[in-house]
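Asks: I am attaching a structure below and will ask some questions about it afterwards.
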Amino acid sequence: MKLSVIFTTYNSPDWLQKTVWGYWHQSFTDFEIIIADDGSGEETKSLITQLQSQSPVPIRHVWHEDAGFRKCEILNKAIVAAQTDYLVFTDGDCIPHKDFLKVHDEEKKSGYFLS
């Protein structure tokens with residue numbers, strides 16, 4: 001894998017599903033998805049399990065107990081879980097354009113950030 005896509009979620013299964021579907025339709029496919037879950041409930045966990053079983057790319061679910069807003073903490077845990085050196089951060093309610101990751105792969109350069 002070349003890229004790790006990391007995004008957070010919290011009890012928003014409808015948006016989470018749409019976002020993941022957007023990554024399933026990328027023109028670039030050498031990546032993993034890491035869902036940084038800031039303490040969502042059972043509905044989100046069940047959805048992620050379902051998505052993992054259907055996904056054409058690896059999906060990792062990094063979760064911690066709900067103890068208030070701790071987005072940065074769960075993002076740090078997701079970074080540790082990443083299997084690649086190139087991390088793409090986005091939000092769990094942002095559906096990507098089909099070439100989003102292709103552009104990242106083509107334009108990446110050591111020592112620089114891409115926005």
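Starting from 1 in every chain, residues are counted up; chains themselves are A, B, ... following the order of the structure tokens, and ligands are numbered from 1 as listed.
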Would you list, as a list in words, the residues of segment 34-81 of chain A that end up in strand (DSSP E or B) under DSSP run on this structure's backbone?

Replies: Ile34, Ile35, Ala36, Asp37, Ile59, Arg60, His61, Val62 and Trp63 of chain A

Asks: For Ser12 of chain A, please output as a PyMOL selection string all residues within 9 Å (counting only C-alpha atoms; exclusion window: fewer than 2 positions along the same chain).

Replies: chain A and resi 9-10+14-17+40+44+92-93

Asks: Keeping only N, CA, C and O atoms, write the selected residues as a PDB file, in the first residue's frame.

Replies:
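After the write, again_7.pdb holds the following:
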```
ATOM      1  N   THR A   9     -14.867   9.929  12.860  1.00  0.00           N
ATOM      2  CA  THR A   9     -16.313   9.813  12.860  1.00  0.00           C
ATOM      3  C   THR A   9     -16.793   9.811  14.299  1.00  0.00           C
ATOM      4  O   THR A   9     -16.037   9.467  15.209  1.00  0.00           O
ATOM      5  N   TYR A  10     -18.046  10.212  14.476  1.00  0.00           N
ATOM      6  CA  TYR A  10     -18.703  10.111  15.778  1.00  0.00           C
ATOM      7  C   TYR A  10     -20.211  10.054  15.553  1.00  0.00           C
ATOM      8  O   TYR A  10     -20.828  11.064  15.210  1.00  0.00           O
ATOM      9  N   ASP A  14     -24.644   7.484   8.530  1.00  0.00           N
ATOM     10  CA  ASP A  14     -25.042   7.800   7.150  1.00  0.00           C
ATOM     11  C   ASP A  14     -23.905   8.478   6.387  1.00  0.00           C
ATOM     12  O   ASP A  14     -23.595   8.117   5.252  1.00  0.00           O
ATOM     13  N   TRP A  15     -23.269   9.469   7.014  1.00  0.00           N
ATOM     14  CA  TRP A  15     -22.157  10.161   6.364  1.00  0.00           C
ATOM     15  C   TRP A  15     -20.948   9.255   6.243  1.00  0.00           C
ATOM     16  O   TRP A  15     -20.231   9.279   5.232  1.00  0.00           O
ATOM     17  N   LEU A  16     -20.716   8.454   7.262  1.00  0.00           N
ATOM     18  CA  LEU A  16     -19.588   7.522   7.220  1.00  0.00           C
ATOM     19  C   LEU A  16     -19.712   6.590   6.021  1.00  0.00           C
ATOM     20  O   LEU A  16     -18.754   6.385   5.268  1.00  0.00           O
ATOM     21  N   GLN A  17     -20.890   6.036   5.817  1.00  0.00           N
ATOM     22  CA  GLN A  17     -21.095   5.123   4.697  1.00  0.00           C
ATOM     23  C   GLN A  17     -20.860   5.819   3.353  1.00  0.00           C
ATOM     24  O   GLN A  17     -20.182   5.280   2.471  1.00  0.00           O
ATOM     25  N   SER A  40     -18.075   6.316  19.011  1.00  0.00           N
ATOM     26  CA  SER A  40     -19.417   6.042  18.496  1.00  0.00           C
ATOM     27  C   SER A  40     -20.002   4.784  19.123  1.00  0.00           C
ATOM     28  O   SER A  40     -19.284   3.931  19.635  1.00  0.00           O
ATOM     29  N   THR A  44     -22.678   2.458  14.600  1.00  0.00           N
ATOM     30  CA  THR A  44     -21.488   2.757  13.798  1.00  0.00           C
ATOM     31  C   THR A  44     -20.576   1.542  13.726  1.00  0.00           C
ATOM     32  O   THR A  44     -20.061   1.207  12.654  1.00  0.00           O
ATOM     33  N   GLY A  92     -14.920  12.756   8.106  1.00  0.00           N
ATOM     34  CA  GLY A  92     -15.858  11.665   7.897  1.00  0.00           C
ATOM     35  C   GLY A  92     -17.148  12.056   7.215  1.00  0.00           C
ATOM     36  O   GLY A  92     -18.034  11.210   7.044  1.00  0.00           O
ATOM     37  N   ASP A  93     -17.278  13.297   6.806  1.00  0.00           N
ATOM     38  CA  ASP A  93     -18.461  13.724   6.059  1.00  0.00           C
ATOM     39  C   ASP A  93     -18.067  14.375   4.732  1.00  0.00           C
ATOM     40  O   ASP A  93     -18.826  15.134   4.159  1.00  0.00           O
TER      41      ASP A  93
END
```

Asks: List every residue of segment 8-101 of chain A that DSSP, applied to the backbone, labels as helix (DSSP H, G or I), and write the result as an NGL selection string.

Replies: :A and (13-24 or 42-54 or 71-81 or 100-101)

Asks: What is the distance, in Å and to one decimal place, between atom CA of Gln52 of chain A and atom CA of Glu106 of chain A?

Replies: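 Calculated distance between atom CA of Gln52 of chain A and atom CA of Glu106 of chain A is 26.9 Å.
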
Asks: Which residue, A:Lys109, A:Lys77, A:Lys18, A:Lys2, has the smallest gap to Val57 of chain A when you use only C-alpha atoms?

Replies: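 Of all the options, A:Lys2 lies closest to Val57 of chain A.
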
Asks: For Ile34 of chain A, which of A:Cys94, A:Leu75, A:Ile59, A:Leu87 is the closest residue, counting only C-alpha atoms?

Replies: A:Ile59

Asks: For Ala82 of chain A, find every residue with an atom within 10 Å (counting only C-alpha atoms), except residues of its own chain fewer than 6 positions away, and show them as a PyMOL selection string.

Replies: chain A and resi 3-6+32-34+60

Asks: Can you work out the spacing between atom CA of Ser53 of chain A and atom CA of Glu73 of chain A in Å, to one decimal?

Replies: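 Interatomic distance, atom CA of Ser53 of chain A to atom CA of Glu73 of chain A: 26.8 Å.
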
Asks: Using only C-alpha atoms, pick whichever of A:Tyr86, A:Phe31, A:Trp63, A:Tyr23 has the shortest atom-to-atom distance to Gly111 of chain A.

Replies: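 For Gly111 of chain A, the nearest of the candidates is A:Tyr86.
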
Asks: My list of candidates is A:Phe28, A:Phe69, A:Phe7, A:Trp21. Which is closest to Val103 of chain A when distances are computed with only C-alpha atoms?

Replies: A:Phe28
